[in-house]
>>> print(open('run.txt').read())   # compact mmCIF, C-alpha atoms
# COMPACT_ATOMS: atom_id res chain seq x y z
CA MET X 19 -30.49 15.56 7.78
CA THR X 20 -31.83 16.63 11.18
CA VAL X 21 -29.63 17.87 14.02
CA ASP X 22 -29.65 15.89 17.27
CA ARG X 23 -31.84 17.74 19.82
CA GLU X 24 -29.34 17.43 22.65
CA LEU X 25 -26.56 18.78 20.44
CA LEU X 26 -28.77 21.71 19.50
CA LYS X 27 -29.70 22.38 23.15
CA GLY X 28 -26.04 22.78 24.05
CA SER X 29 -25.47 25.37 21.37
CA VAL X 30 -28.64 27.47 21.76
CA THR X 31 -26.89 30.05 23.95
CA LEU X 32 -24.10 30.52 21.43
CA LEU X 33 -26.59 30.82 18.57
CA ILE X 34 -28.66 33.43 20.41
CA LEU X 35 -25.62 35.47 21.39
CA LYS X 36 -24.09 35.39 17.92
CA LEU X 37 -27.37 36.27 16.20
CA LEU X 38 -27.93 39.17 18.58
CA SER X 39 -24.38 40.40 18.04
CA ARG X 40 -25.54 41.27 14.50
CA GLY X 41 -28.41 43.40 15.76
CA ASP X 42 -31.39 43.61 18.12
CA MET X 43 -34.07 41.00 17.51
CA TYR X 44 -37.26 39.63 19.04
CA GLY X 45 -37.90 35.94 19.73
CA TYR X 46 -39.68 35.04 16.53
CA GLU X 47 -37.10 36.93 14.51
CA ILE X 48 -34.27 35.00 16.19
CA ILE X 49 -35.91 31.71 15.23
CA GLN X 50 -36.47 32.83 11.65
CA GLU X 51 -32.93 34.12 11.33
CA ALA X 52 -31.40 30.92 12.77
CA SER X 53 -33.51 28.85 10.43
CA ARG X 54 -32.64 31.02 7.41
CA ARG X 55 -28.91 31.11 8.07
CA SER X 56 -28.74 27.36 8.64
CA ASP X 57 -30.85 26.48 5.57
CA ASN X 58 -33.59 25.19 7.90
CA THR X 59 -31.20 22.90 9.78
CA PHE X 60 -31.89 24.59 13.12
CA GLN X 61 -35.56 24.06 13.76
CA PHE X 62 -35.88 23.88 17.50
CA LYS X 63 -39.18 24.03 19.37
CA GLU X 64 -39.83 27.75 19.32
CA GLY X 65 -41.29 28.11 22.81
CA THR X 66 -38.13 26.72 24.37
CA LEU X 67 -36.21 29.76 23.12
CA TYR X 68 -37.86 32.05 25.68
CA PRO X 69 -36.58 30.44 28.89
CA ALA X 70 -33.09 30.63 27.36
CA LEU X 71 -33.56 34.32 26.52
CA HIS X 72 -34.86 35.07 30.02
CA GLN X 73 -31.97 33.18 31.60
CA LEU X 74 -29.44 35.20 29.59
CA GLN X 75 -31.22 38.41 30.50
CA ARG X 76 -31.23 37.53 34.20
CA LYS X 77 -27.51 36.84 34.05
CA GLY X 78 -26.96 40.29 32.57
CA TYR X 79 -25.93 39.19 29.07
CA LEU X 80 -29.04 40.65 27.42
CA ARG X 81 -31.46 43.46 28.02
CA SER X 82 -34.91 43.85 26.52
CA GLU X 83 -37.47 46.46 25.65
CA TRP X 84 -40.85 46.59 23.91
CA ARG X 85 -40.68 48.34 20.55
CA THR X 86 -42.83 48.61 17.48
CA ALA X 87 -41.64 46.14 14.85
CA ASP X 88 -41.64 46.67 11.08
CA ASN X 89 -45.10 45.09 10.88
CA GLY X 90 -46.41 47.80 13.23
CA ARG X 91 -46.89 45.41 16.15
CA GLN X 92 -45.29 45.63 19.58
CA ARG X 93 -42.48 43.12 20.03
CA LYS X 94 -39.98 42.53 22.80
CA TYR X 95 -36.52 43.19 21.40
CA TYR X 96 -33.40 41.74 22.94
CA THR X 97 -30.06 43.54 22.88
CA LEU X 98 -26.62 42.24 23.84
CA THR X 99 -24.99 43.98 26.78
CA SER X 100 -21.22 44.47 26.92
CA ARG X 101 -20.99 41.34 29.08
CA GLY X 102 -23.10 39.48 26.55
CA ARG X 103 -20.81 40.63 23.74
CA ALA X 104 -17.79 39.35 25.64
CA LEU X 105 -19.54 36.03 26.32
CA ALA X 106 -20.48 35.72 22.65
CA GLU X 107 -16.84 36.07 21.64
CA GLN X 108 -15.65 33.70 24.33
CA SER X 109 -18.29 31.07 23.46
CA HIS X 110 -17.47 31.37 19.78
CA GLU X 111 -13.76 30.80 20.45
CA ARG X 112 -14.55 27.77 22.62
CA TRP X 113 -16.85 26.39 19.97
CA MET X 114 -14.21 26.77 17.28
CA PHE X 115 -11.61 25.13 19.49
CA PHE X 116 -13.99 22.23 20.19
CA THR X 117 -15.13 21.73 16.60
CA ASN X 118 -11.54 21.92 15.32
CA ALA X 119 -10.57 19.22 17.78
CA VAL X 120 -13.54 17.04 16.81
CA ASN X 121 -12.82 17.59 13.11
CA ALA X 122 -9.17 16.69 13.61
CA VAL X 123 -10.18 13.39 15.21
CA LEU X 124 -12.81 12.67 12.57
CA SER X 125 -10.50 13.46 9.65
CA GLY X 126 -7.84 11.15 11.10
CA ARG X 127 -5.00 13.68 10.76
CA MET E 21 -60.58 28.78 18.25
CA SER E 22 -57.31 30.50 19.15
CA THR E 23 -54.51 28.34 20.50
CA THR E 24 -52.86 31.30 22.26
CA PRO E 25 -54.71 31.35 25.58
CA THR E 26 -54.73 27.54 25.79
CA LEU E 27 -51.00 27.20 25.29
CA ILE E 28 -50.12 30.10 27.54
CA GLU E 29 -52.59 28.95 30.18
CA ARG E 30 -50.87 25.60 30.15
CA ILE E 31 -47.39 27.08 30.45
CA LEU E 32 -47.74 29.77 33.10
CA PRO E 33 -49.26 27.86 36.03
CA ASP E 34 -46.64 25.13 35.75
CA ALA E 35 -43.81 27.64 35.44
CA GLY E 36 -44.36 28.63 39.08
CA ILE E 37 -43.37 32.24 38.54
CA VAL E 38 -43.92 34.24 41.70
CA SER E 39 -44.05 37.77 40.30
CA ARG E 40 -47.35 38.69 38.68
CA ARG E 41 -45.61 41.30 36.55
CA THR E 42 -43.18 38.71 35.18
CA ARG E 43 -46.06 36.33 34.42
CA GLN E 44 -47.89 39.06 32.53
CA GLU E 45 -44.73 40.00 30.65
CA ILE E 46 -44.10 36.40 29.62
CA ALA E 47 -47.73 35.91 28.59
CA ARG E 48 -47.55 39.03 26.42
CA GLU E 49 -44.27 37.94 24.84
CA LEU E 50 -45.51 34.42 24.08
CA GLU E 51 -48.75 35.84 22.70
CA THR E 52 -46.84 37.96 20.21
CA HIS E 53 -44.79 34.94 19.16
CA LEU E 54 -47.91 32.82 18.64
CA GLU E 55 -49.48 35.67 16.72
CA ASP E 56 -46.53 35.63 14.28
CA LEU E 57 -46.57 31.86 14.15
CA ARG E 58 -50.29 31.73 13.36
CA GLY E 59 -49.71 34.20 10.56
CA GLU E 60 -47.24 31.77 9.04
CA CYS E 61 -49.06 28.48 9.66
CA PRO E 62 -52.83 28.76 10.16
CA ALA E 63 -53.27 25.08 11.13
CA GLU E 64 -53.49 24.77 14.91
CA SER E 65 -51.66 21.46 14.95
CA ALA E 66 -48.72 23.06 13.16
CA VAL E 67 -48.63 25.88 15.72
CA TYR E 68 -48.55 23.33 18.55
CA GLU E 69 -45.90 21.30 16.79
CA ARG E 70 -43.59 24.23 16.16
CA PHE E 71 -44.09 25.91 19.50
CA GLY E 72 -43.22 22.79 21.50
CA ASP E 73 -44.46 20.95 24.56
CA PRO E 74 -45.97 23.42 27.08
CA ARG E 75 -44.62 21.33 29.98
CA GLU E 76 -41.08 21.55 28.63
CA ILE E 77 -41.38 25.32 28.21
CA ALA E 78 -42.88 25.66 31.69
CA CYS E 79 -39.98 23.61 33.13
CA GLY E 80 -37.54 25.94 31.37
CA PHE E 81 -39.16 29.00 32.94
CA ALA E 82 -39.38 27.24 36.31
CA ARG E 83 -35.60 26.72 36.23
CA VAL E 84 -34.98 30.37 35.29
CA TYR E 85 -37.18 31.76 38.09
CA ARG E 86 -36.21 29.18 40.72
CA ALA E 87 -34.39 31.66 42.98
CA GLU E 88 -37.51 33.80 43.52
CA ARG E 89 -39.55 30.72 44.25
CA LEU E 90 -37.03 29.49 46.80
CA ALA E 91 -36.93 32.94 48.42
CA LEU E 92 -40.72 32.97 48.62
CA TYR E 93 -40.69 29.44 50.03
CA ALA E 94 -38.09 30.34 52.66
CA ALA E 95 -39.92 33.54 53.63
CA ALA E 96 -43.30 31.80 53.78
CA PHE E 97 -41.84 28.91 55.76
CA CYS E 98 -40.21 31.30 58.26
CA GLY E 99 -43.51 33.19 58.50
CA LEU E 100 -45.38 29.93 59.02
CA ALA E 101 -42.92 28.76 61.69
CA ALA E 102 -42.97 32.15 63.45
CA ALA E 103 -46.77 32.39 63.37
CA SER E 104 -47.20 28.81 64.61
CA TRP E 105 -44.59 29.32 67.30
CA GLY E 106 -46.05 32.64 68.46
CA ALA E 107 -49.63 31.37 68.50
CA SER E 108 -48.67 28.13 70.27
CA ALA E 109 -46.55 29.90 72.89
CA ALA E 110 -49.32 32.43 73.56
CA PHE E 111 -51.94 29.67 73.83
CA VAL E 112 -49.90 27.46 76.15
CA GLY E 113 -48.95 30.52 78.23
CA ALA E 114 -52.61 31.52 78.52
CA VAL E 115 -53.64 27.97 79.54
CA GLN E 116 -50.86 27.90 82.12
CA PHE E 117 -51.82 31.28 83.50
CA VAL E 118 -55.53 30.49 83.81
CA LEU E 119 -54.94 27.08 85.40
CA ALA E 120 -52.19 28.31 87.73
CA THR E 121 -54.49 31.11 88.92
CA MET E 122 -57.41 28.70 89.37
CA LEU E 123 -55.32 26.10 91.15
CA GLY E 124 -53.51 28.60 93.37
CA PHE E 125 -49.96 28.31 91.93
CA SER E 126 -47.57 31.25 92.01
CA THR E 127 -47.64 32.86 88.58
CA THR E 128 -44.43 34.78 89.41
CA GLN E 129 -42.57 31.49 89.72
CA LEU E 130 -44.36 29.94 86.77
CA PHE E 131 -43.56 32.85 84.48
CA SER E 132 -40.01 33.55 85.64
CA PRO E 133 -37.74 34.86 82.84
CA GLN E 134 -35.68 31.65 82.80
CA HIS E 135 -38.78 29.48 82.62
CA LEU E 136 -40.17 31.60 79.80
CA VAL E 137 -36.92 31.37 77.82
CA TRP E 138 -36.84 27.57 77.97
CA GLU E 139 -40.52 27.29 77.34
CA SER E 140 -40.07 29.42 74.23
CA VAL E 141 -37.26 27.13 73.11
CA GLN E 142 -39.50 24.13 73.72
CA MET E 143 -42.36 25.67 71.77
CA ALA E 144 -40.01 26.51 68.90
CA ALA E 145 -38.74 22.92 68.94
CA LEU E 146 -42.31 21.63 68.98
CA THR E 147 -43.23 23.80 66.01
CA MET E 148 -40.15 22.74 64.07
CA GLY E 149 -40.78 19.10 64.97
CA CYS E 150 -44.35 19.25 63.65
CA LEU E 151 -43.41 21.13 60.49
CA GLY E 152 -40.30 19.01 59.99
CA ILE E 153 -42.20 15.71 60.12
CA TYR E 154 -45.06 17.09 58.01
CA PHE E 155 -42.82 18.30 55.18
CA ALA E 156 -40.21 15.53 55.41
CA GLU E 157 -42.95 12.97 54.72
CA ARG E 158 -43.07 14.01 51.09
CA LEU E 159 -39.42 13.12 50.59
CA PHE E 160 -40.32 9.44 50.76
CA GLN E 161 -42.56 7.13 48.77
CA ARG E 162 -43.14 4.34 51.31
CA TRP E 163 -43.25 4.28 55.11
CA ARG E 164 -43.35 8.03 54.87
CA LEU E 165 -44.26 8.92 58.44
CA LEU E 166 -41.70 6.56 59.96
CA LYS E 167 -38.92 7.63 57.63
CA ALA E 168 -39.74 11.32 58.12
CA ALA E 169 -39.79 10.83 61.87
CA GLY E 170 -36.44 9.05 61.64
CA LEU E 171 -34.92 11.90 59.67
CA ILE E 172 -36.22 14.59 62.00
CA ALA E 173 -35.27 12.50 65.04
CA SER E 174 -31.67 12.41 63.73
CA ILE E 175 -31.63 16.19 63.35
CA PHE E 176 -33.17 16.66 66.79
CA GLY E 177 -30.67 14.16 68.22
CA LEU E 178 -27.80 16.23 66.89
CA GLY E 179 -29.47 19.38 68.23
CA THR E 180 -29.89 17.73 71.63
CA LEU E 181 -26.17 16.97 71.82
CA MET E 182 -25.28 20.53 70.89
CA LEU E 183 -27.80 21.97 73.33
CA GLN E 184 -26.52 19.71 76.09
CA VAL E 185 -22.98 21.01 75.53
CA TRP E 186 -24.12 24.63 75.32
CA ALA E 187 -26.64 24.53 78.18
CA PRO E 188 -26.07 21.40 80.31
CA GLY E 189 -29.26 19.93 81.72
CA HIS E 190 -31.53 21.44 79.07
CA GLY E 191 -30.87 18.93 76.30
CA ARG E 192 -34.09 17.05 77.07
CA VAL E 193 -36.17 19.95 75.71
CA LEU E 194 -35.67 18.78 72.12
CA PRO E 195 -36.48 15.05 72.52
CA MET E 196 -39.62 15.94 74.50
CA ALA E 197 -40.77 18.34 71.80
CA PHE E 198 -40.02 15.78 69.10
CA LEU E 199 -41.92 13.05 70.96
CA CYS E 200 -44.97 15.28 71.33
CA ALA E 201 -44.88 16.28 67.64
CA PHE E 202 -44.44 12.66 66.57
CA LEU E 203 -47.29 11.37 68.73
CA VAL E 204 -49.62 14.04 67.41
CA ARG E 205 -48.65 13.23 63.82
CA VAL E 206 -49.25 9.52 64.46
CA LEU E 207 -52.68 10.35 65.90
CA GLN E 208 -53.45 12.55 62.93
CA ALA E 209 -52.48 9.79 60.54
CA ALA E 210 -54.66 7.31 62.46
CA VAL E 211 -57.65 9.67 62.78
CA PRO E 212 -57.72 11.87 59.68
CA HIS E 213 -60.46 14.29 60.72
CA TRP E 214 -59.03 16.87 63.07
CA LEU E 215 -62.36 17.47 64.87
CA VAL E 216 -62.55 13.77 65.73
CA TRP E 217 -58.97 13.92 66.92
CA LEU E 218 -59.56 17.04 69.04
CA GLY E 219 -62.66 15.37 70.51
CA GLY E 220 -60.46 12.40 71.46
CA ALA E 221 -57.88 14.72 73.01
CA ALA E 222 -60.60 16.48 75.01
CA LEU E 223 -61.95 13.13 76.22
CA PHE E 224 -58.43 12.02 77.13
CA GLY E 225 -57.86 15.30 78.95
CA GLY E 226 -61.21 15.01 80.75
CA LEU E 227 -60.31 11.53 81.98
CA GLY E 228 -56.90 12.87 83.00
CA PHE E 229 -58.54 15.58 85.10
CA LEU E 230 -60.82 13.07 86.80
CA ALA E 231 -57.91 10.77 87.56
CA ALA E 232 -55.53 13.53 88.67
CA HIS E 233 -54.74 13.28 92.34
CA SER E 234 -53.07 16.65 92.75
CA ALA E 235 -53.33 20.16 91.39
CA ALA E 236 -49.88 19.78 89.81
CA GLN E 237 -51.05 16.70 87.85
CA THR E 238 -54.11 18.60 86.63
CA LEU E 239 -51.89 21.47 85.51
CA PHE E 240 -49.53 19.16 83.63
CA ALA E 241 -52.41 17.21 82.03
CA SER E 242 -53.87 20.48 80.77
CA ILE E 243 -50.57 21.74 79.46
CA TRP E 244 -49.99 18.52 77.51
CA ILE E 245 -53.45 18.84 75.96
CA ALA E 246 -52.63 22.45 75.11
CA LEU E 247 -49.35 21.32 73.52
CA ALA E 248 -51.17 18.68 71.52
CA ALA E 249 -53.69 21.29 70.36
CA CYS E 250 -50.77 23.51 69.34
CA CYS E 251 -49.29 20.69 67.27
CA GLN E 252 -52.68 20.26 65.60
CA PHE E 253 -52.84 24.00 64.92
CA THR E 254 -49.31 23.98 63.48
CA ILE E 255 -50.17 21.12 61.15
CA LEU E 256 -53.32 22.98 60.03
CA MET E 257 -51.18 26.03 59.28
CA ALA E 258 -48.76 23.80 57.38
CA GLY E 259 -51.71 22.47 55.35
CA ALA E 260 -52.71 26.03 54.42
CA PHE E 261 -49.07 26.77 53.48
CA ASP E 262 -49.13 23.65 51.35
CA ARG E 263 -52.27 24.70 49.48
CA HIS E 264 -51.45 28.37 48.98
CA ILE E 265 -47.69 28.31 48.44
CA LEU E 266 -46.32 24.87 47.69
CA ARG E 267 -48.98 23.54 45.31
CA ARG E 268 -49.21 26.86 43.52
CA TYR E 269 -45.51 27.46 42.96
CA PHE E 270 -43.79 24.12 43.53
CA ALA E 271 -46.15 21.56 41.98
>>> encode(input="run.txt", output="C-alpha cells")
Amino acid sequence: MTVDRELLKGSVTLLILKLLSRGDMYGYEIIQEASRRSDNTFQFKEGTLYPALHQLQRKGYLRSEWRTADNGRQRKYYTLTSRGRALAEQSHERWMFFTNAVNAVLSGR
Amino acid sequence: MSTTPTLIERILPDAGIVSRRTRQEIARELETHLEDLRGECPAESAVYERFGDPREIACGFARVYRAERLALYAAAFCGLAAASWGASAAFVGAVQFVLATMLGFSTTQLFSPQHLVWESVQMAALTMGCLGIYFAERLFQRWRLLKAAGLIASIFGLGTLMLQVWAPGHGRVLPMAFLCAFLVRVLQAAVPHWLVWLGGAALFGGLGFLAAHSAAQTLFASIWIALAACCQFTILMAGAFDRHILRRYFA
C-alpha cells in the first residue's frame, strides 16, 4: 500500500527531526534510513527533501557541515540543534496525540 | 550523458535564490545526492523518477529563500525609485534653469527653497505614479492599464486627502503627477517604440513653442515636455529593473 502524498508531506518535518535525533546524516542517508525503517513505505521524491532541510536549518533547528562520508566522498551532514531537539520531542508528542485520537475514532471505542 | 547538470540547471534558475554562494552550495549538495542515486540506479529515467519534478523542488527552494528575494526586490525598487526621482528632478531643474535664464525669469524666485521642496514632492509623486502604474498592470489579466490606473488613482486619491490635511493647498500635486504619469503610459501603450513617442513629444513641444504667446507659456510647455521625458525615462528604468531583477528572481 502506498502512503498518500499529502499525508506524507505533512509529516516530513517530524520524520527528518526524529531521524536526525538518532545521529547526524546527509540527505541521501536520511532518505535511505526513512525508507529502511518504514519497510519502503516512505518513498517521497528525494529532491523535495532538500528545501525542507534548508527551511529547518534557516529556522535554527538544524545546522550543517561538509564532512567526508564512509565512502570517502564529501557530503553535507545535518545535525539537530538544541532547538531542533526540543521541536522533535514536541512534534512527536503532538503526532502521538493526533494518531491516538484518530485511532480511537477509527476503532469505535 | 549525465543527468546531474540538466536537473540542477533546471532547478536553480527557477528557485530564484539571490545569493550566489547559496546557489553554489545547493548545486553541490544536489550533485552529491544525484551521484549517490546514480550509483544505485544507473537508468536515467529512474533517477528522474526518484529525484522528483525539478519545478516542484525549485518552488520549495523559492519558498525557503523568499525573504532574501523580497529584500532584494525592495532594495532594488527603492534604488530604482530614488534613481528615477533624482535623475528626473535634476533634468527638470536643468530645463527650468536654462529656459528661465534664456527667457529672462528670476532664477532666485524660480528656485526658492519652498518651490524646490514642492517640486521634489511632485517629481517623487510622478516617479511613483509611473512605477506604480507600470508594475500594477501585471496584477491584472484584462484591461490591465485601466485597472492599474484605477488602483494607483485610488492610492493617490487617499494621498491627496492626507496631503491636503497636512499641507492645505498643496493636495493638487498628487493628482497632477498621476495625470501626467497616466497620460504618458497611455501614449506608450498606443505607440510602443519610445523613439517614435519621443519624436511625437518633440513635435508636440515644437508646435507648443510656435503657438505660445508669452514667455511663461513657453516655459510651461517646455517643463511639461521635460516631465513627459522623465516619465519615459522612469518607465525605461522600470523595464531594466524588470529584466535584471524581476524576471531573474521572481519569474
>>> closest_atom_pairs(input="run.txt", of="chain E", to="chain X", cutoff="10 Å", atoms="all atoms listed in the file", output="CSV")
residue,atom,partner,partner_atom,distance
E:Ile31,CA,X:Gly65,CA,9.8
E:Glu45,CA,X:Lys94,CA,9.5
E:Ile46,CA,X:Tyr68,CA,8.6
E:Arg48,CA,X:Lys94,CA,9.1
E:Glu49,CA,X:Lys94,CA,6.6
E:Leu50,CA,X:Gly65,CA,7.7
E:Glu51,CA,X:Arg93,CA,10.0
E:Thr52,CA,X:Arg93,CA,6.8
E:His53,CA,X:Tyr46,CA,5.7
E:Leu54,CA,X:Tyr46,CA,8.8
E:Glu55,CA,X:Tyr46,CA,9.8
E:Asp56,CA,X:Tyr46,CA,7.2
E:Leu57,CA,X:Tyr46,CA,8.0
E:Val67,CA,X:Glu64,CA,9.7
E:Tyr68,CA,X:Lys63,CA,9.4
E:Glu69,CA,X:Lys63,CA,7.7
E:Arg70,CA,X:Lys63,CA,5.5
E:Phe71,CA,X:Glu64,CA,4.6
E:Gly72,CA,X:Lys63,CA,4.7
E:Asp73,CA,X:Lys63,CA,8.0
E:Pro74,CA,X:Gly65,CA,7.9
E:Glu76,CA,X:Thr66,CA,7.3
E:Ile77,CA,X:Thr66,CA,5.2
E:Ala78,CA,X:Pro69,CA,8.4
E:Cys79,CA,X:Pro69,CA,8.7
E:Gly80,CA,X:Pro69,CA,5.2
E:Phe81,CA,X:Pro69,CA,5.0
E:Ala82,CA,X:Pro69,CA,8.6
E:Arg83,CA,X:Pro69,CA,8.3
E:Val84,CA,X:Gln73,CA,5.5
E:Tyr85,CA,X:Gln73,CA,8.4
>>> closest_residue(input="run.txt", among="E:Leu215, E:Ala249, E:Cys150, E:Ala241", to="Leu199 in chain E", atoms="all atoms listed in the file")
E:Cys150
>>> axis_aligned_box(input="run.txt", around="range 50-59 of chain X", padding_each_side="6 Å", output="JSON")
{"center_x": -32.6, "center_y": 28.5, "center_z": 9.2, "size_x": 19.7, "size_y": 23.2, "size_z": 19.2}
>>> atom_distance(input="run.txt", atom1="CA of His110 in chain X", atom2="CA of Thr31 in chain X")
10.4 Å
>>> residues_near_point(input="run.txt", point="(-40.6, 29.1, 44.9)", cutoff="10 Å", atoms="only C-alpha atoms", output="ChimeraX atom specification")
/E:36-38,82,85-96,265-266,268-271
>>> atom_distance(input="run.txt", atom1="CA of Leu38 in chain X", atom2="CA of Tyr96 in chain X")
7.5 Å
>>> atom_distance(input="run.txt", atom1="CA of Leu171 in chain E", atom2="CA of Ala103 in chain E")
24.0 Å
>>> closest_residue(input="run.txt", among="E:Leu119, E:Arg164, E:Phe198, E:Arg158", to="Phe176 in chain E", atoms="all atoms listed in the file")
E:Phe198
